[in-house]
file final.cif (mmCIF, C-alpha atoms)
data_structure
loop_
_atom_site.label_atom_id
_atom_site.label_comp_id
_atom_site.auth_asym_id
_atom_site.auth_seq_id
_atom_site.Cartn_x
_atom_site.Cartn_y
_atom_site.Cartn_z
CA MET M 1 104.20 128.18 81.05
CA LYS M 2 103.59 126.98 77.48
CA ILE M 3 103.97 123.21 77.08
CA ASN M 4 103.96 121.35 73.78
CA ILE M 5 101.64 118.49 74.78
CA PRO M 6 101.78 116.56 71.45
CA GLN M 7 105.58 116.56 71.70
CA VAL M 8 105.57 115.35 75.35
CA ALA M 9 103.04 112.65 74.41
CA LYS M 10 105.21 111.53 71.53
CA LEU M 11 108.30 111.26 73.77
CA ALA M 12 106.29 109.32 76.38
CA ASN M 13 104.82 107.08 73.67
CA LEU M 14 101.29 107.96 74.78
CA VAL M 15 98.23 108.32 72.58
CA ILE M 16 96.36 111.48 73.53
CA LYS M 17 93.12 112.79 72.10
CA LYS M 18 93.09 116.28 70.65
CA SER M 19 90.31 117.15 73.12
CA GLU M 20 92.51 116.26 76.10
CA GLU M 21 95.39 118.51 75.14
CA GLU M 22 94.07 121.69 76.69
CA LEU M 23 93.27 120.07 80.05
CA LEU M 24 96.60 118.25 80.19
CA GLU M 25 98.51 121.39 79.42
CA LYS M 26 96.72 123.20 82.20
CA GLN M 27 97.41 120.39 84.68
CA LEU M 28 101.04 119.95 83.69
CA SER M 29 101.75 123.68 83.86
CA SER M 30 100.18 123.95 87.30
CA ILE M 31 102.53 121.20 88.54
CA LEU M 32 105.53 122.95 87.02
CA ASP M 33 104.42 126.29 88.46
CA TYR M 34 104.16 124.67 91.87
CA VAL M 35 107.70 123.33 91.60
CA GLU M 36 108.88 126.78 90.45
CA LYS M 37 108.57 127.99 94.03
CA LEU M 38 111.84 126.22 94.80
CA LYS M 39 113.59 128.92 92.77
CA LYS M 40 112.55 131.55 95.28
CA LEU M 41 114.17 129.70 98.17
CA ASP M 42 117.50 130.99 99.41
CA THR M 43 119.64 127.93 100.14
CA SER M 44 122.99 129.73 100.36
CA LYS M 45 123.15 129.11 104.12
CA THR M 46 121.62 125.61 104.02
CA GLU M 47 123.88 122.63 104.51
CA GLU M 48 123.74 120.20 101.60
CA THR M 49 122.17 116.82 102.25
CA SER M 50 122.74 114.12 99.69
CA GLN M 51 121.81 111.13 101.85
CA VAL M 52 120.49 110.36 105.30
CA THR M 53 122.14 107.13 106.42
CA ASP M 54 125.72 108.42 106.97
CA LEU M 55 126.91 105.19 105.38
CA GLU M 56 129.76 105.30 102.89
CA ASN M 57 131.53 102.81 100.66
CA ILE M 58 129.73 99.65 101.65
CA THR M 59 131.83 96.83 100.27
CA ARG M 60 132.33 93.14 100.84
CA GLU M 61 135.12 90.66 100.23
CA ASP M 62 135.40 89.77 96.56
CA ILE M 63 134.38 86.17 97.09
CA ALA M 64 131.92 84.37 94.85
CA LYS M 65 128.74 83.28 96.58
CA PRO M 66 126.02 80.89 95.49
CA SER M 67 123.67 82.56 93.02
CA LEU M 68 120.69 81.70 90.83
CA SER M 69 121.15 78.75 88.51
CA SER M 70 121.13 79.39 84.79
CA ASP M 71 117.71 77.73 84.51
CA ASP M 72 116.26 79.94 87.24
CA SER M 73 117.80 83.07 85.71
CA ILE M 74 116.03 82.58 82.41
CA SER M 75 112.83 81.09 83.79
CA ASN M 76 110.87 84.31 83.15
CA ALA M 77 112.24 84.81 79.62
CA LYS M 78 109.60 84.89 76.88
CA SER M 79 111.96 82.98 74.66
CA ALA M 80 115.03 80.95 75.62
CA TYR M 81 117.34 78.57 73.81
CA ASN M 82 120.03 76.32 75.27
CA GLY M 83 120.04 78.13 78.62
CA LEU M 84 120.30 81.54 76.95
CA PHE M 85 117.91 84.44 76.38
CA LYS M 86 116.71 84.42 72.79
CA VAL M 87 116.08 87.84 71.27
CA GLU M 88 115.58 89.26 67.80
CA GLY M 89 118.82 90.04 65.99
CA ILE M 90 119.77 93.72 66.18
CA LEU M 91 122.85 93.64 63.94
CA GLU M 92 122.95 92.58 60.33
CA MET E 93 85.26 85.47 119.10
CA SER E 94 86.29 84.06 115.76
CA LEU E 95 89.99 83.09 115.65
CA ASN E 96 90.84 85.49 112.82
CA ASN E 97 89.87 88.42 115.08
CA LEU E 98 92.66 87.65 117.55
CA THR E 99 95.88 89.64 117.71
CA ILE E 100 99.28 88.08 116.98
CA LYS E 101 100.03 88.16 120.68
CA SER E 102 96.83 86.39 121.75
CA ALA E 103 97.01 83.93 118.83
CA ARG E 104 100.57 82.98 119.79
CA GLU E 105 99.47 82.41 123.39
CA GLY E 106 96.56 80.24 122.24
CA LEU E 107 98.83 78.22 119.96
CA LYS E 108 101.32 77.61 122.75
CA LYS E 109 98.55 76.50 125.11
CA ARG E 110 97.14 74.21 122.37
CA GLU E 111 93.77 75.98 122.54
CA PHE E 112 93.70 75.81 118.74
CA SER E 113 96.05 74.91 115.92
CA SER E 114 97.78 76.94 113.26
CA GLU E 115 95.75 74.99 110.71
CA GLU E 116 92.56 76.33 112.30
CA LEU E 117 93.95 79.87 112.27
CA VAL E 118 94.85 79.59 108.58
CA LYS E 119 91.51 78.07 107.67
CA THR E 120 89.46 80.77 109.43
CA CYS E 121 91.52 83.45 107.70
CA ILE E 122 91.06 81.79 104.29
CA GLU E 123 87.34 81.55 105.00
CA GLN E 124 87.24 85.27 105.77
CA VAL E 125 89.13 86.03 102.54
CA LYS E 126 86.71 83.91 100.50
CA LYS E 127 83.73 85.57 102.15
CA HIS E 128 84.77 89.18 101.58
CA ASN E 129 87.45 89.38 98.92
CA ARG E 130 84.97 89.66 96.07
CA GLU E 131 83.84 93.03 97.44
CA ILE E 132 87.08 94.26 99.02
CA ASN E 133 89.56 92.95 96.44
CA ALA E 134 92.50 92.96 98.88
CA PHE E 135 94.00 89.63 97.76
CA LEU E 136 95.31 89.06 94.23
CA THR E 137 96.71 85.59 94.96
CA ILE E 138 95.32 83.23 97.61
CA LEU E 139 97.65 80.37 98.60
CA GLU E 140 95.04 78.12 100.13
CA LYS E 141 96.67 74.70 99.70
CA GLU E 142 100.20 75.93 100.33
CA SER E 143 99.28 77.78 103.52
CA ILE E 144 97.46 74.78 104.96
CA ILE E 145 100.52 72.60 104.30
CA GLU E 146 102.71 75.22 106.01
CA ALA E 147 100.27 75.40 108.94
CA LYS E 148 100.49 71.64 109.44
CA LYS E 149 104.29 71.92 109.55
CA ALA E 150 103.97 74.76 112.08
CA ASP E 151 101.65 72.63 114.22
CA GLU E 152 104.27 69.87 114.14
CA LEU E 153 106.91 72.33 115.42
CA LEU E 154 104.49 73.66 118.05
CA ARG E 155 104.02 70.13 119.35
CA LYS E 156 107.79 69.95 119.77
CA ASN E 157 107.62 73.24 121.74
CA THR E 158 109.67 75.10 119.13
CA ASP E 159 109.55 78.78 120.01
CA LEU E 160 109.64 81.24 117.12
CA PRO E 161 108.15 84.75 117.36
CA LEU E 162 105.58 84.20 114.58
CA LEU E 163 105.26 80.42 114.49
CA GLY E 164 101.90 79.49 112.98
CA ILE E 165 100.69 83.06 112.33
CA PRO E 166 99.04 83.75 108.92
CA ILE E 167 100.24 86.91 107.20
CA ALA E 168 100.20 88.30 103.64
CA HIS E 169 102.49 90.37 101.46
CA LYS E 170 101.94 93.42 99.29
CA ASP E 171 102.41 92.22 95.72
CA LEU E 172 105.57 94.29 95.49
CA PHE E 173 107.52 91.81 97.65
CA LEU E 174 109.20 89.02 95.70
CA THR E 175 108.04 85.60 96.83
CA LYS E 176 109.90 82.57 95.53
CA ASN E 177 107.84 80.63 92.97
CA ILE E 178 104.75 82.73 93.77
CA LYS E 179 103.50 85.21 91.16
CA THR E 180 104.46 88.81 91.97
CA THR E 181 102.82 91.49 89.82
CA ALA E 182 103.28 94.88 91.55
CA SER E 183 99.56 95.06 90.59
CA SER E 184 100.69 95.88 87.05
CA LYS E 185 99.84 94.02 83.86
CA VAL E 186 103.48 94.44 82.85
CA LEU E 187 104.39 91.79 85.43
CA GLU E 188 101.18 89.74 85.32
CA ASN E 189 103.12 86.53 84.62
CA TYR E 190 106.26 87.16 86.65
CA ILE E 191 107.33 84.29 88.93
CA PRO E 192 110.27 85.34 91.15
CA LYS E 193 113.03 82.84 91.84
CA TYR E 194 113.96 84.19 95.26
CA ASP E 195 112.36 85.76 98.34
CA ALA E 196 112.74 89.37 99.44
CA THR E 197 114.83 89.57 102.63
CA VAL E 198 111.75 90.57 104.65
CA VAL E 199 109.71 87.68 103.23
CA LYS E 200 112.50 85.27 104.16
CA LYS E 201 112.91 86.71 107.66
CA LEU E 202 109.18 86.45 108.36
CA LYS E 203 109.12 82.87 107.04
CA ASP E 204 112.14 81.98 109.18
CA ALA E 205 110.27 83.42 112.18
CA GLY E 206 107.48 80.92 111.53
CA ALA E 207 104.91 83.13 109.76
CA ILE E 208 102.69 81.54 107.11
CA THR E 209 102.08 83.32 103.80
CA LEU E 210 98.37 83.34 102.94
CA GLY E 211 98.77 85.22 99.69
CA LYS E 212 99.66 88.38 97.84
CA LEU E 213 97.92 91.73 98.25
CA ASN E 214 96.59 94.25 95.80
CA CYS E 215 98.03 97.79 95.71
CA ASP E 216 98.29 100.77 93.41
CA ALA E 217 100.30 99.56 90.41
CA TRP E 218 104.06 99.82 91.10
CA ALA E 219 103.04 101.47 94.41
CA HIS E 220 102.19 104.61 92.44
CA GLY E 221 99.06 106.05 94.00
CA SER E 222 97.51 107.22 97.24
CA SER E 223 93.96 105.88 97.05
CA GLY E 224 94.12 102.17 96.13
CA GLU E 225 92.19 102.82 92.90
CA ASN E 226 95.20 102.68 90.59
CA SER E 227 95.65 98.87 90.44
CA ASP E 228 95.62 97.15 87.05
CA PHE E 229 93.55 94.43 88.75
CA ASN E 230 90.65 96.59 89.99
CA PRO E 231 90.52 98.90 93.00
CA VAL E 232 90.60 97.86 96.66
CA LYS E 233 87.62 98.96 98.78
CA ASN E 234 87.64 100.26 102.32
CA PRO E 235 86.26 97.46 104.54
CA TRP E 236 84.61 99.98 106.89
CA ASN E 237 82.56 101.46 104.05
CA LYS E 238 82.90 100.07 100.57
CA SER E 239 81.98 103.34 98.92
CA PHE E 240 85.17 104.85 100.37
CA VAL E 241 88.78 104.35 99.25
CA PRO E 242 91.14 102.41 101.56
CA GLY E 243 94.09 104.74 100.90
CA GLY E 244 97.20 103.66 99.03
CA SER E 245 99.42 102.51 97.75
CA SER E 246 99.49 99.62 100.29
CA SER E 247 95.70 99.41 99.97
CA GLY E 248 95.22 95.62 100.11
CA SER E 249 97.60 95.39 103.08
CA ALA E 250 95.58 97.80 105.21
CA ALA E 251 92.20 96.47 104.03
CA SER E 252 93.15 92.82 104.68
CA VAL E 253 94.28 93.51 108.24
CA ALA E 254 91.29 95.79 108.94
CA SER E 255 88.93 93.00 107.85
CA SER E 256 90.82 90.30 109.81
CA MET E 257 91.74 88.31 106.70
CA CYS E 258 95.27 88.01 108.10
CA PHE E 259 97.13 88.96 111.28
CA ALA E 260 99.71 91.22 109.64
CA ALA E 261 100.58 92.45 106.18
CA THR E 262 103.73 93.94 104.70
CA GLY E 263 103.73 97.31 102.96
CA THR E 264 106.01 99.91 101.47
CA ASP E 265 106.09 103.67 101.97
CA THR E 266 107.76 106.14 99.61
CA GLY E 267 105.56 109.20 100.07
CA GLY E 268 102.83 107.99 102.42
CA SER E 269 101.94 104.53 101.07
CA ILE E 270 101.77 102.93 104.53
CA ARG E 271 100.73 105.97 106.57
CA LEU E 272 97.72 106.82 104.40
CA PRO E 273 96.04 103.39 104.16
CA ALA E 274 96.74 102.68 107.86
CA SER E 275 94.93 105.88 108.72
CA PHE E 276 92.06 105.34 106.24
CA CYS E 277 91.47 101.74 107.42
CA ASN E 278 92.09 102.32 111.13
CA VAL E 279 94.93 99.82 111.58
CA VAL E 280 98.45 100.25 112.96
CA GLY E 281 100.85 101.00 110.12
CA LEU E 282 104.55 101.59 110.58
CA LYS E 283 106.86 103.36 108.15
CA PRO E 284 110.23 102.62 109.73
CA THR E 285 113.22 104.96 109.47
CA TYR E 286 114.87 104.69 106.06
CA GLY E 287 117.39 101.83 106.13
CA ARG E 288 116.02 100.15 109.27
CA VAL E 289 114.41 97.35 107.20
CA SER E 290 116.01 95.82 104.10
CA ARG E 291 114.58 96.74 100.69
CA TYR E 292 116.20 93.74 98.97
CA GLY E 293 113.73 91.90 96.78
CA VAL E 294 111.04 94.58 96.99
CA ILE E 295 110.19 96.14 93.62
CA ALA E 296 111.65 99.64 93.81
CA MET E 297 109.77 102.90 93.45
CA ALA E 298 112.09 105.78 94.42
CA SER E 299 115.18 104.28 96.01
CA SER E 300 116.17 107.18 98.26
CA PHE E 301 112.72 107.15 99.90
CA ASP E 302 111.52 103.53 99.83
CA SER E 303 110.86 102.28 103.35
CA ILE E 304 109.68 98.77 104.16
CA GLY E 305 107.04 98.43 106.84
CA HIS E 306 103.92 96.59 107.90
CA PHE E 307 100.35 96.71 109.18
CA THR E 308 98.91 95.05 112.29
CA LYS E 309 95.85 95.37 114.53
CA THR E 310 97.76 96.60 117.59
CA ILE E 311 100.95 98.48 118.40
CA GLU E 312 102.30 95.50 120.31
CA ASP E 313 101.81 93.25 117.26
CA ASN E 314 103.56 95.89 115.19
CA ALA E 315 106.59 95.72 117.48
CA ILE E 316 106.60 91.90 117.23
CA ILE E 317 106.90 92.16 113.43
CA LEU E 318 109.54 94.92 113.52
CA ASN E 319 111.63 92.79 115.88
CA VAL E 320 111.76 90.23 113.05
CA THR E 321 112.20 92.51 110.02
CA ALA E 322 114.63 95.18 111.29
CA GLY E 323 118.38 94.97 110.91
CA LYS E 324 121.38 94.96 108.65
CA ASP E 325 121.21 93.07 105.38
CA GLU E 326 124.33 92.52 103.30
CA LEU E 327 122.13 92.69 100.24
CA ASP E 328 120.95 96.26 100.94
CA ALA E 329 123.78 98.76 101.36
CA THR E 330 121.50 101.33 103.03
CA THR E 331 120.92 99.16 106.11
CA PRO E 332 123.29 100.34 108.86
CA ASN E 333 125.15 97.99 111.16
CA ARG E 334 123.35 99.36 114.22
CA THR E 335 121.95 97.32 117.08
CA VAL E 336 118.31 96.41 116.70
CA ASP E 337 116.48 97.25 119.91
CA ASN E 338 113.89 94.91 121.33
CA TYR E 339 110.90 97.04 120.40
CA LEU E 340 108.63 95.11 122.73
CA GLU E 341 110.66 96.14 125.76
CA ASP E 342 110.35 99.79 124.80
CA LEU E 343 106.57 99.61 124.62
CA ASN E 344 106.01 100.02 128.34
CA LYS E 345 108.80 102.52 128.94
CA SER E 346 107.66 105.72 130.59
CA LEU E 347 107.63 108.83 128.41
CA LYS E 348 109.29 110.85 131.16
CA GLY E 349 112.21 112.79 129.70
CA VAL E 350 111.03 112.23 126.13
CA LYS E 351 110.73 115.39 124.08
CA ILE E 352 108.24 115.47 121.22
CA GLY E 353 108.83 118.22 118.68
CA VAL E 354 105.75 119.59 116.94
CA PRO E 355 106.62 121.43 113.71
CA GLU E 356 104.43 124.51 113.57
CA GLU E 357 104.44 124.46 109.74
CA TYR E 358 102.27 121.32 109.80
CA PHE E 359 99.49 123.26 111.51
CA SER E 360 99.21 125.88 108.81
CA GLN E 361 96.58 126.37 106.14
CA GLY E 362 94.86 123.28 104.79
CA LEU E 363 94.75 121.24 107.99
CA ASP E 364 91.24 119.90 108.65
CA LEU E 365 89.96 121.12 112.02
CA LYS E 366 88.84 117.63 113.04
CA ILE E 367 92.30 116.25 112.31
CA LYS E 368 93.87 119.14 114.21
CA GLU E 369 91.73 118.25 117.21
CA LYS E 370 92.78 114.57 116.99
CA ILE E 371 96.46 115.53 116.90
CA GLU E 372 96.03 117.88 119.85
CA ASN E 373 94.26 115.16 121.83
CA ALA E 374 97.14 112.78 121.12
CA LEU E 375 99.66 115.40 122.22
CA SER E 376 97.91 116.01 125.52
CA PHE E 377 97.73 112.22 126.01
CA TYR E 378 101.51 111.98 125.58
CA GLU E 379 101.95 114.95 127.88
CA LYS E 380 99.94 113.18 130.59
CA LEU E 381 102.27 110.18 130.16
CA GLY E 382 105.22 112.42 130.97
CA ALA E 383 106.44 113.61 127.57
CA GLU E 384 107.47 117.18 126.99
CA ILE E 385 105.83 118.82 123.97
CA ILE E 386 108.00 121.41 122.26
CA LYS E 387 107.04 123.64 119.34
CA VAL E 388 109.70 123.55 116.64
CA SER E 389 110.04 125.10 113.22
CA LEU E 390 110.95 123.31 110.00
CA PRO E 391 111.08 126.24 107.59
CA HIS E 392 111.80 123.99 104.60
CA ALA E 393 108.66 121.88 105.13
CA GLU E 394 106.82 124.13 102.70
CA TYR E 395 109.18 123.04 99.94
CA ALA E 396 109.02 119.31 100.64
CA ILE E 397 106.37 118.42 98.07
CA ALA E 398 107.93 120.56 95.36
CA SER E 399 111.27 118.78 95.95
CA TYR E 400 109.53 115.41 96.04
CA TYR E 401 107.97 116.09 92.64
CA ILE E 402 111.47 116.42 91.18
CA ILE E 403 113.37 113.70 93.03
CA GLN E 404 110.68 111.02 93.05
CA PRO E 405 109.84 110.99 89.30
CA ALA E 406 113.56 111.06 88.47
CA GLU E 407 114.21 107.98 90.62
CA VAL E 408 111.05 106.26 89.44
CA SER E 409 111.97 106.70 85.79
CA SER E 410 115.39 105.16 86.26
CA ASN E 411 113.99 102.31 88.35
CA LEU E 412 111.19 101.55 85.92
CA ALA E 413 113.24 101.92 82.75
CA ARG E 414 114.31 98.30 83.21
CA TYR E 415 110.73 97.18 82.51
CA ASP E 416 110.58 99.07 79.24
CA GLY E 417 110.18 96.59 76.41
CA ILE E 418 108.31 93.95 78.43
CA ARG E 419 105.25 93.11 76.34
#
call {"tool": "encode", "arguments": {"input": "final.cif", "output": "structure tokens"}}
result
Amino acid sequence: MKINIPQVAKLANLVIKKSEEELLEKQLSSILDYVEKLKKLDTSKTEETSQVTDLENITREDIAKPSLSSDDSISNAKSAYNGLFKVEGILE
Amino acid sequence: MSLNNLTIKSAREGLKKREFSSEELVKTCIEQVKKHNREINAFLTILEKESIIEAKKADELLRKNTDLPLLGIPIAHKDLFLTKNIKTTASSKVLENYIPKYDATVVKKLKDAGAITLGKLNCDAWAHGSSGENSDFNPVKNPWNKSFVPGGSSSGSAASVASSMCFAATGTDTGGSIRLPASFCNVVGLKPTYGRVSRYGVIAMASSFDSIGHFTKTIEDNAIILNVTAGKDELDATTPNRTVDNYLEDLNKSLKGVKIGVPEEYFSQGLDLKIKEKIENALSFYEKLGAEIIKVSLPHAEYAIASYYIIQPAEVSSNLARYDGIR
């Protein structure tokens, strides 16, 4: 399978050396080839499994419960102002 | 025998009989950490002062004959478990300054059972890895032989218990992250059934696989911990409302009438002959104890890893997308 490594690296925001491209392509294609074997499997008679717990629609009463204080909520923020997260403006 | 080499069971008995105090237990463990952590690198955070304060409180309760399953026992948590006001990094530089504001359910349950948190344990970053070498804060070494890997991703958890730095350590298993290091470090590791133990407050890897377990020196100790951690949690919708057995009672049950299925696919190409022999020895041991060994076939086993390589990265990328942008 041909893989465009520079394109994948760009999408993943990774810096990759030209010299690494060949090795990475080989490794990535061998993973994809391995996964390809799923295509050969006949699952027409296999029951679908989408989860293993048998649990469905877990809900609770819509009652407010104690939660983190505003100070605690923003305690890990790099920048905060007046109990709010402070971020760079994204709209003009 | 040094106190840190005891099991949870024997340490609890000694505490109850006032043979030693929780403070002494904590101090010998901390001493062991200080002596060996430079080479083994199992602990990322050591809570020396805090754990001694907690131990003194535990000793106070012990004097009042308070009976809690883990009262006064020093344990440690994989750095994937949120611990209130204690740095939690997932062994990744992305979270190197993260201070959680609440405890994971398991952390809280263990605390409520009287356990004392000695510190936080190194692992493969975000629990992504199988060797313990993939931490952003340097690899963990196997205490039995430091030129070997301890297995991962719960590398520090297995290594810390194997070197008697603590009596038990929490871990997580998505695709082998408890089973591998437990095996590599020769300690008892348990990956419980999915949903048996709450995942709330544990940094997620792949949510449909993540299982929360622990490491101990003996099977009995392992059951003591599971008795505390298992059960329904309103904060994790995958925990069923099923009765939690007393796992200690089951330990001495006869194996008569128990059927153990052995999938023949697991004995195919690639299995090391020495490992095969070990498994066969274990099977004949169970047989002697009364269990019936039955060969079964799991024809889809061959496709498990291929499926895992699709499902796991998909779940990981949605779980980790939330950290994108943290600089």
call {"tool": "resolve_selection", "arguments": {"input": "final.cif", "expression": "the PyMOL selection byres ((chain M) within 10 of (chain E))", "output": "NGL selection string"}}
result
:M and (31-38 or 41 or 43 or 46 or 50-60 or 68-69 or 72-78)
call {"tool": "residues_around", "arguments": {"input": "final.cif", "residues": "Ala207 of chain E", "least_positions_apart": "5", "cutoff": "6 Å", "atoms": "all atoms listed in the file", "output": "ChimeraX atom specification"}}
result
/E:162-166,202
call {"tool": "write_last_selection", "arguments": {"input": "final.cif", "atoms": "C-alpha atoms", "output": "PDB file, in the frame of the given file"}}
result
ATOM      1  CA  LEU E 162     105.580  84.200 114.580  1.00  0.00           C
ATOM      2  CA  LEU E 163     105.260  80.420 114.490  1.00  0.00           C
ATOM      3  CA  GLY E 164     101.900  79.490 112.980  1.00  0.00           C
ATOM      4  CA  ILE E 165     100.690  83.060 112.330  1.00  0.00           C
ATOM      5  CA  PRO E 166      99.040  83.750 108.920  1.00  0.00           C
ATOM      6  CA  LEU E 202     109.180  86.450 108.360  1.00  0.00           C
TER       7      LEU E 202
END
call {"tool": "resolve_selection", "arguments": {"input": "final.cif", "expression": "the PyMOL selection byres ((chain M and resi 25) around 12)", "output": "PyMOL selection string"}}
result
chain M and resi 1-9+16+18-24+26-33
call {"tool": "write_last_selection", "arguments": {"input": "final.cif", "atoms": "C-alpha atoms", "output": "PDB file, in the coordinates of the input"}}
result
ATOM      1  CA  MET M   1     104.200 128.180  81.050  1.00  0.00           C
ATOM      2  CA  LYS M   2     103.590 126.980  77.480  1.00  0.00           C
ATOM      3  CA  ILE M   3     103.970 123.210  77.080  1.00  0.00           C
ATOM      4  CA  ASN M   4     103.960 121.350  73.780  1.00  0.00           C
ATOM      5  CA  ILE M   5     101.640 118.490  74.780  1.00  0.00           C
ATOM      6  CA  PRO M   6     101.780 116.560  71.450  1.00  0.00           C
ATOM      7  CA  GLN M   7     105.580 116.560  71.700  1.00  0.00           C
ATOM      8  CA  VAL M   8     105.570 115.350  75.350  1.00  0.00           C
ATOM      9  CA  ALA M   9     103.040 112.650  74.410  1.00  0.00           C
ATOM     10  CA  ILE M  16      96.360 111.480  73.530  1.00  0.00           C
ATOM     11  CA  LYS M  18      93.090 116.280  70.650  1.00  0.00           C
ATOM     12  CA  SER M  19      90.310 117.150  73.120  1.00  0.00           C
ATOM     13  CA  GLU M  20      92.510 116.260  76.100  1.00  0.00           C
ATOM     14  CA  GLU M  21      95.390 118.510  75.140  1.00  0.00           C
ATOM     15  CA  GLU M  22      94.070 121.690  76.690  1.00  0.00           C
ATOM     16  CA  LEU M  23      93.270 120.070  80.050  1.00  0.00           C
ATOM     17  CA  LEU M  24      96.600 118.250  80.190  1.00  0.00           C
ATOM     18  CA  LYS M  26      96.720 123.200  82.200  1.00  0.00           C
ATOM     19  CA  GLN M  27      97.410 120.390  84.680  1.00  0.00           C
ATOM     20  CA  LEU M  28     101.040 119.950  83.690  1.00  0.00           C
ATOM     21  CA  SER M  29     101.750 123.680  83.860  1.00  0.00           C
ATOM     22  CA  SER M  30     100.180 123.950  87.300  1.00  0.00           C
ATOM     23  CA  ILE M  31     102.530 121.200  88.540  1.00  0.00           C
ATOM     24  CA  LEU M  32     105.530 122.950  87.020  1.00  0.00           C
ATOM     25  CA  ASP M  33     104.420 126.290  88.460  1.00  0.00           C
TER      26      ASP M  33
END
call {"tool": "atom_distance", "arguments": {"input": "final.cif", "atom1": "atom CA of Ala250 of chain E", "atom2": "atom CA of Lys366 of chain E"}}
result
22.4 Å
call {"tool": "resolve_selection", "arguments": {"input": "final.cif", "expression": "the PyMOL selection byres ((chain E and resi 135-146) around 8)", "output": "list in words"}}
result
Glu115, Val118, Lys119, Ile122, Val125, Asn129, Asn133, Ala134, Ala147, Lys148, Lys149, Ala150, Asp171, Lys179, Ile208, Thr209, Leu210, Gly211, Lys212, Leu213, Asn214, Phe229, Gly248 and Ser252 of chain E
call {"tool": "residues_around", "arguments": {"input": "final.cif", "residues": "Ile295 of chain E", "least_positions_apart": "4", "cutoff": "8 Å", "atoms": "only C-alpha atoms", "output": "list in words"}}
result
Leu172, Phe173, Leu174, Ala182 and Trp218 of chain E
call {"tool": "atom_distance", "arguments": {"input": "final.cif", "atom1": "atom CA of Leu363 of chain E", "atom2": "atom CA of Ser389 of chain E"}}
result
16.6 Å
call {"tool": "atom_distance", "arguments": {"input": "final.cif", "atom1": "atom CA of Ile63 of chain M", "atom2": "atom CA of Thr197 of chain E"}}
result
20.6 Å
call {"tool": "residues_around", "arguments": {"input": "final.cif", "residues": "Gly263 of chain E", "least_positions_apart": "4", "cutoff": "7 Å", "atoms": "all atoms listed in the file", "output": "list in words"}}
result
Lys170, Ser246, Ser249, Ile270, Ile304, Gly305 and His306 of chain E
call {"tool": "closest_residue", "arguments": {"input": "final.cif", "among": "E:Ser94, E:Ser256, E:Asn319, E:Thr175", "to": "Tyr339 of chain E", "atoms": "all atoms listed in the file"}}
result
E:Asn319
